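As stored in upload.csv (CSV, C-alpha atoms):
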chain,number,residue,atom,x,y,z
A,1,MET,CA,284.4,157.7,112.1
A,2,LYS,CA,286.7,156.4,109.3
A,3,ARG,CA,287.0,159.5,107.1
A,4,ALA,CA,290.1,161.8,107.0
A,5,PHE,CA,290.2,165.3,105.7
A,6,GLY,CA,292.7,166.4,103.0
A,7,TYR,CA,293.1,170.2,103.3
A,8,THR,CA,296.8,171.2,103.2
A,9,THR,CA,300.0,169.8,104.6
A,10,LEU,CA,300.4,169.5,108.3
A,11,VAL,CA,303.4,171.9,108.2
A,12,ILE,CA,301.2,174.7,106.7
A,13,LEU,CA,298.4,173.9,109.1
A,14,VAL,CA,300.6,174.3,112.2
A,15,ALA,CA,301.8,177.6,110.8
A,16,LEU,CA,298.2,178.8,110.3
A,17,LEU,CA,297.5,178.2,114.0
A,18,ILE,CA,299.5,181.3,114.9
A,19,GLY,CA,296.9,183.4,113.2
A,20,CYS,CA,299.4,185.7,111.7
A,21,ILE,CA,302.7,184.5,110.4
A,22,GLN,CA,305.5,187.1,111.0
A,23,THR,CA,308.6,187.3,108.9
A,24,GLN,CA,311.1,190.1,109.2
A,25,SER,CA,309.8,191.8,106.1
A,26,ASN,CA,306.4,190.5,105.2
A,27,PRO,CA,303.6,189.9,107.8
A,28,VAL,CA,301.0,187.5,106.4
A,29,GLU,CA,297.4,187.8,107.6
A,30,VAL,CA,295.6,184.6,108.1
A,31,SER,CA,291.8,184.5,108.2
A,32,LEU,CA,289.8,183.0,111.1
A,33,GLU,CA,288.3,180.5,108.6
A,34,ASP,CA,291.8,179.3,107.6
A,35,ALA,CA,292.8,179.0,111.2
A,36,ALA,CA,289.7,177.1,112.0
A,37,ARG,CA,290.5,174.6,109.2
A,38,ALA,CA,294.0,174.2,110.6
A,39,ASN,CA,292.7,173.5,114.0
A,40,LEU,CA,290.1,171.1,112.6
A,41,GLN,CA,292.8,169.1,110.9
A,42,LEU,CA,295.0,169.0,114.0
A,43,GLY,CA,292.0,168.1,116.1
A,44,ALA,CA,291.0,165.3,113.8
A,45,ASN,CA,294.5,163.9,113.8
A,46,TYR,CA,294.6,164.0,117.6
A,47,LEU,CA,291.2,162.3,117.8
A,48,GLN,CA,292.3,159.5,115.5
A,49,ARG,CA,295.4,159.0,117.7
A,50,GLY,CA,293.3,158.9,120.9
A,51,GLN,CA,294.8,162.2,122.3
A,52,LEU,CA,291.5,163.4,123.4
A,53,GLU,CA,292.4,166.4,125.5
A,54,LEU,CA,294.5,167.9,122.6
A,55,ALA,CA,291.7,167.0,120.2
A,56,ARG,CA,289.1,168.8,122.3
A,57,ASP,CA,291.2,171.9,122.6
A,58,LYS,CA,291.8,172.1,118.8
A,59,LEU,CA,288.3,171.2,117.8
A,60,GLU,CA,286.6,173.6,120.2
A,61,LYS,CA,289.0,176.3,119.0
A,62,ALA,CA,288.0,175.6,115.4
A,63,VAL,CA,284.3,175.9,116.2
A,64,SER,CA,284.9,179.2,118.0
A,65,GLN,CA,286.9,180.6,115.0
A,66,ASP,CA,284.4,179.5,112.4
A,67,PRO,CA,281.0,178.4,113.9
A,68,LYS,CA,279.7,177.6,110.4
A,69,LEU,CA,282.4,174.9,109.8
A,70,ALA,CA,280.2,171.8,109.7
A,71,THR,CA,283.0,169.3,109.7
A,72,ALA,CA,284.5,170.8,112.8
A,73,ARG,CA,281.2,170.4,114.6
A,74,THR,CA,280.9,166.8,113.4
A,75,TYR,CA,284.3,165.9,114.7
A,76,LEU,CA,283.6,167.7,118.0
A,77,ALA,CA,280.4,165.8,118.3
A,78,VAL,CA,282.3,162.5,117.8
A,79,LEU,CA,284.7,163.6,120.5
A,80,TYR,CA,282.0,164.6,123.0
A,81,GLU,CA,280.3,161.2,122.4
A,82,ARG,CA,283.5,159.4,123.0
A,83,ILE,CA,284.1,161.0,126.3
A,84,GLY,CA,280.5,160.6,127.5
A,85,GLU,CA,279.2,164.1,127.1
A,86,GLN,CA,276.0,163.0,125.3
A,87,GLU,CA,274.1,166.3,125.5
A,88,ALA,CA,277.0,168.3,124.0
A,89,ALA,CA,277.4,165.6,121.3
A,90,ASP,CA,273.8,165.8,120.3
A,91,LYS,CA,274.0,169.6,120.1
A,92,GLU,CA,277.0,169.5,117.8
A,93,TYR,CA,275.6,166.8,115.6
A,94,ARG,CA,272.4,168.8,115.1
A,95,ALA,CA,274.4,171.9,114.4
A,96,ALA,CA,276.4,170.1,111.7
A,97,LEU,CA,273.2,169.0,110.1
A,98,ARG,CA,271.8,172.5,110.1
A,99,LEU,CA,275.0,173.8,108.5
A,100,ALA,CA,275.3,171.1,105.9
A,101,PRO,CA,271.9,169.5,105.3
A,102,GLY,CA,273.1,168.1,102.0
A,103,ASP,CA,276.4,166.7,103.1
A,104,PRO,CA,276.2,162.8,102.9
A,105,ALA,CA,279.2,162.3,105.2
A,106,VAL,CA,277.5,164.4,108.0
A,107,ALA,CA,274.2,162.4,107.5
A,108,ASN,CA,276.1,159.1,107.7
A,109,THR,CA,277.9,160.1,110.8
A,110,TYR,CA,274.7,161.3,112.5
A,111,GLY,CA,273.0,158.1,111.5
A,112,GLY,CA,275.7,156.2,113.4
A,113,TYR,CA,275.2,158.3,116.5
A,114,LEU,CA,271.4,157.8,116.4
A,115,CYS,CA,271.9,154.0,116.1
A,116,ARG,CA,274.4,153.9,119.0
A,117,THR,CA,271.9,155.8,121.2
A,118,GLU,CA,269.1,153.4,120.3
A,119,ARG,CA,267.2,155.7,117.9
A,120,ARG,CA,267.7,153.1,115.2
A,121,ARG,CA,264.8,153.8,112.9
A,122,ASP,CA,265.8,157.5,112.8
A,123,GLY,CA,269.4,156.5,112.3
A,124,ILE,CA,268.5,154.3,109.3
A,125,LYS,CA,266.8,157.3,107.6
A,126,TYR,CA,270.1,159.2,107.7
A,127,PHE,CA,272.1,156.3,106.4
A,128,GLU,CA,269.6,156.0,103.5
A,129,LYS,CA,269.9,159.7,102.9
A,130,ALA,CA,273.6,159.5,102.7
A,131,GLY,CA,273.6,156.4,100.5
A,132,GLU,CA,271.1,157.9,98.0
A,133,ASN,CA,273.1,161.1,97.6
A,134,PRO,CA,274.7,161.0,94.2
A,135,LEU,CA,277.7,163.0,95.5
A,136,TYR,CA,278.6,160.3,98.1
A,137,GLN,CA,281.5,158.3,97.0
A,138,THR,CA,280.9,155.2,99.2
A,139,PRO,CA,277.1,154.5,99.2
A,140,ALA,CA,277.8,150.9,100.0
A,141,VAL,CA,279.2,151.9,103.3
A,142,ALA,CA,276.1,153.9,104.2
A,143,PHE,CA,273.7,151.1,103.2
A,144,THR,CA,275.8,148.5,105.1
A,145,ASN,CA,275.6,150.8,108.2
A,146,ALA,CA,271.8,150.9,107.8
A,147,ALA,CA,271.8,147.1,107.7
A,148,VAL,CA,273.9,146.8,110.9
A,149,CYS,CA,271.4,149.3,112.5
A,150,ALA,CA,268.5,147.2,111.3
A,151,ARG,CA,270.0,144.0,112.7
A,152,ALA,CA,270.1,145.7,116.1
A,153,ILE,CA,266.4,146.5,116.1
A,154,PRO,CA,266.2,143.5,115.3
A,155,ASP,CA,264.8,143.5,111.7
A,156,ASN,CA,266.6,140.9,109.6
A,157,GLU,CA,264.4,141.4,106.5
A,158,LEU,CA,265.2,145.1,106.5
A,159,ALA,CA,268.9,144.4,107.1
A,160,GLU,CA,269.1,142.1,104.1
A,161,ALA,CA,267.4,144.6,101.9
A,162,TYR,CA,270.0,147.2,102.8
A,163,LEU,CA,272.9,144.8,102.4
A,164,ARG,CA,271.6,144.0,98.9
A,165,ARG,CA,271.4,147.7,98.1
A,166,ALA,CA,275.0,148.0,99.3
A,167,LEU,CA,276.1,145.3,96.8
A,168,ALA,CA,274.0,146.9,94.1
A,169,ALA,CA,276.2,150.0,94.6
A,170,ASN,CA,279.4,148.0,94.9
A,171,PRO,CA,279.2,144.2,94.1
A,172,ARG,CA,282.7,143.6,95.6
A,173,TYR,CA,282.1,145.5,98.9
A,174,ARG,CA,283.4,142.8,101.3
A,175,GLU,CA,281.8,144.0,104.5
A,176,ALA,CA,278.3,143.6,102.9
A,177,LEU,CA,279.2,140.2,101.5
A,178,LEU,CA,280.4,138.9,104.9
A,179,ARG,CA,277.4,140.3,106.7
A,180,LEU,CA,275.0,138.7,104.2
A,181,ALA,CA,276.8,135.4,104.8
A,182,MET,CA,276.4,135.9,108.6
A,183,LEU,CA,272.7,136.8,108.1
A,184,GLY,CA,272.2,133.6,106.1
A,185,LEU,CA,273.5,131.6,109.0
A,186,ASP,CA,271.3,133.4,111.5
A,187,THR,CA,268.2,133.0,109.4
A,188,ASP,CA,268.8,129.2,108.7
A,189,LYS,CA,269.9,129.8,105.1
A,190,PRO,CA,273.3,128.1,105.0
A,191,LEU,CA,273.4,127.9,101.2
A,192,GLN,CA,273.0,131.7,101.1
A,193,ALA,CA,275.8,131.9,103.6
A,194,ARG,CA,278.1,129.7,101.5
A,195,ALA,CA,277.4,131.7,98.3
A,196,PHE,CA,278.1,135.1,99.8
A,197,LEU,CA,281.2,133.7,101.7
A,198,GLU,CA,282.6,132.5,98.4
A,199,ARG,CA,282.2,135.9,96.9
A,200,PHE,CA,283.8,137.4,99.9
A,201,HIS,CA,286.9,135.2,99.6
A,202,ALA,CA,287.0,135.8,95.8
A,203,ALA,CA,287.3,139.5,96.5
A,204,GLY,CA,290.1,139.3,99.0
A,205,PRO,CA,291.9,137.4,101.8
A,206,ALA,CA,290.1,135.5,104.4
A,207,SER,CA,289.5,136.9,107.9
A,208,ALA,CA,289.0,135.2,111.2
A,209,ASP,CA,285.3,136.0,111.0
A,210,SER,CA,285.0,134.6,107.5
A,211,LEU,CA,286.6,131.4,108.4
A,212,VAL,CA,284.3,131.0,111.4
A,213,VAL,CA,281.3,131.6,109.1
A,214,GLY,CA,282.7,129.0,106.7
A,215,ILE,CA,283.0,126.4,109.5
A,216,ARG,CA,279.4,127.1,110.6
A,217,ALA,CA,278.0,127.1,107.1
A,218,GLU,CA,279.7,123.9,106.0
A,219,THR,CA,278.8,122.1,109.2
A,220,ALA,CA,275.1,123.1,108.7
A,221,LEU,CA,275.3,121.8,105.1
A,222,GLY,CA,276.9,118.5,106.2
A,223,ASP,CA,280.1,119.1,104.3
A,224,GLU,CA,282.5,118.1,107.1
A,225,ARG,CA,285.5,118.0,104.8
A,226,THR,CA,285.2,121.6,103.8
A,227,ALA,CA,284.4,122.6,107.4
A,228,GLU,CA,287.6,121.0,108.6
A,229,SER,CA,289.6,122.8,105.9
A,230,TYR,CA,288.2,126.1,107.4
A,231,ARG,CA,289.1,124.9,110.9
A,232,ARG,CA,292.7,124.1,109.8
A,233,ARG,CA,293.1,127.6,108.2
A,234,LEU,CA,291.7,129.2,111.3
A,235,ARG,CA,294.3,127.4,113.4
A,236,GLU,CA,297.1,128.3,111.1
A,237,GLU,CA,296.2,131.9,110.2
A,238,PHE,CA,294.4,133.1,113.3
A,239,PRO,CA,295.6,130.9,116.2
A,240,GLN,CA,294.3,133.3,118.9
A,241,ARG,CA,290.8,133.2,117.5
A,242,ALA,CA,291.0,129.4,117.2
A,243,GLU,CA,292.1,129.1,120.8
A,244,THR,CA,289.2,131.2,121.9
A,245,LEU,CA,286.9,128.8,120.1
A,246,GLY,CA,288.7,125.8,121.5
A,247,LEU,CA,290.0,124.6,118.1
A,248,LEU,CA,293.7,124.5,118.6
A,249,GLY,CA,293.5,120.9,119.6
A,250,GLY,CA,291.6,120.0,116.5
A,251,GLY,CA,288.2,119.8,118.1
A,252,THR,CA,285.0,121.1,116.7
Would you mind giving the structure from this file in structure tokens?
Amino acid sequence: MKRAFGYTTLVILVALLIGCIQTQSNPVEVSLEDAARANLQLGANYLQRGQLELARDKLEKAVSQDPKLATARTYLAVLYERIGEQEAADKEYRAALRLAPGDPAVANTYGGYLCRTERRRDGIKYFEKAGENPLYQTPAVAFTNAAVCARAIPDNELAEAYLRRALAANPRYREALLRLAMLGLDTDKPLQARAFLERFHAAGPASADSLVVGIRAETALGDERTAESYRRRLREEFPQRAETLGLLGGGT
């Protein structure tokens, strides 16, 4: 997952974990719901830093304090999946969906889980549900996720349709542009690859992957001069990738 939650500051969250903040004169009662959100934020932070035991402790505590907190169940599902407890992960994902059936972020996350566990057609449905939700701020991400899932089926026609939907939602979404360029190469459409790659580079800096796509596309189109310019940039900007491809010596 790439989302972060913005509840309150970490200092306040740590204090909330106590459950009841005591001062010499004024005891402050803290609800279980507030404590659950505090533990959720801490657990999410630990998870993002790879501190899995700490993340598990905080996220399980959050769920026990507020079983109806869908985001806590989603993060706990991600954690369980990461440590290989698939049955527990599936249970928490489904609980999150029951608690928040209209939450596009939950749908998008569950779609990813289904795709990773080879239930790709079902996963695509959840990505589409997320992308079509008018409350979702990044529909291009959900549609691109659907395309990646479709490519794994493999269903290139469906993948292209979702990538184009992603660009309809956000014409400058670079992940979709690069994936359409890659798809063009893999379906013998080098002109399409070139066109989407040019849009990708117009929207931001080159990446190692985009330069490799450029080499392949221009080689397929017979433009060796442009292909060599991509090789040179790859050697200069991403020498490790160039070395992996055997290009440091200037070869093809």
Surrounding residues of A:Ala146 excluding itself and chain neighbours under 4 positions, 10 Å, all atoms listed in the file, as a ChimeraX atom specification: /A:108,111-112,115,120-121,123-128,131,140-142,150-152,158-163,166
Restricted to C-alpha atoms, what would the selected residues look like written as a CSV table (one decimal), keeping the file's coordinate frame?
chain,number,residue,atom,x,y,z
A,108,ASN,CA,276.1,159.1,107.7
A,111,GLY,CA,273.0,158.1,111.5
A,112,GLY,CA,275.7,156.2,113.4
A,115,CYS,CA,271.9,154.0,116.1
A,120,ARG,CA,267.7,153.1,115.2
A,121,ARG,CA,264.8,153.8,112.9
A,123,GLY,CA,269.4,156.5,112.3
A,124,ILE,CA,268.5,154.3,109.3
A,125,LYS,CA,266.8,157.3,107.6
A,126,TYR,CA,270.1,159.2,107.7
A,127,PHE,CA,272.1,156.3,106.4
A,128,GLU,CA,269.6,156.0,103.5
A,131,GLY,CA,273.6,156.4,100.5
A,140,ALA,CA,277.8,150.9,100.0
A,141,VAL,CA,279.2,151.9,103.3
A,142,ALA,CA,276.1,153.9,104.2
A,150,ALA,CA,268.5,147.2,111.3
A,151,ARG,CA,270.0,144.0,112.7
A,152,ALA,CA,270.1,145.7,116.1
A,158,LEU,CA,265.2,145.1,106.5
A,159,ALA,CA,268.9,144.4,107.1
A,160,GLU,CA,269.1,142.1,104.1
A,161,ALA,CA,267.4,144.6,101.9
A,162,TYR,CA,270.0,147.2,102.8
A,163,LEU,CA,272.9,144.8,102.4
A,166,ALA,CA,275.0,148.0,99.3
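Take the candidates A:Ala77, A:Ala203, A:Ala176, A:Val106 and check each one against A:Asp90 using only C-alpha atoms; the shortest distance goes to A:Ala77.
Of the listed residues A:Glu157, A:Glu60, A:Asp209, A:Glu198, the one whose atoms come nearest to A:Met182 is A:Asp209, with distances taken using all atoms listed in the file.
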Counting all atoms listed in the file, figure out which residue out of A:Ala181, A:Gly50, A:Gln65, A:Asn133 gets nearest to A:Asp34.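 With all atoms listed in the file as the atom set, the closest residue is A:Gln65.
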Just how far from atom CA of A:Leu40 is atom CA of A:Thr71, in Å to one decimal?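 Calculated distance between atom CA of A:Thr71 and atom CA of A:Leu40 is 7.9 Å.
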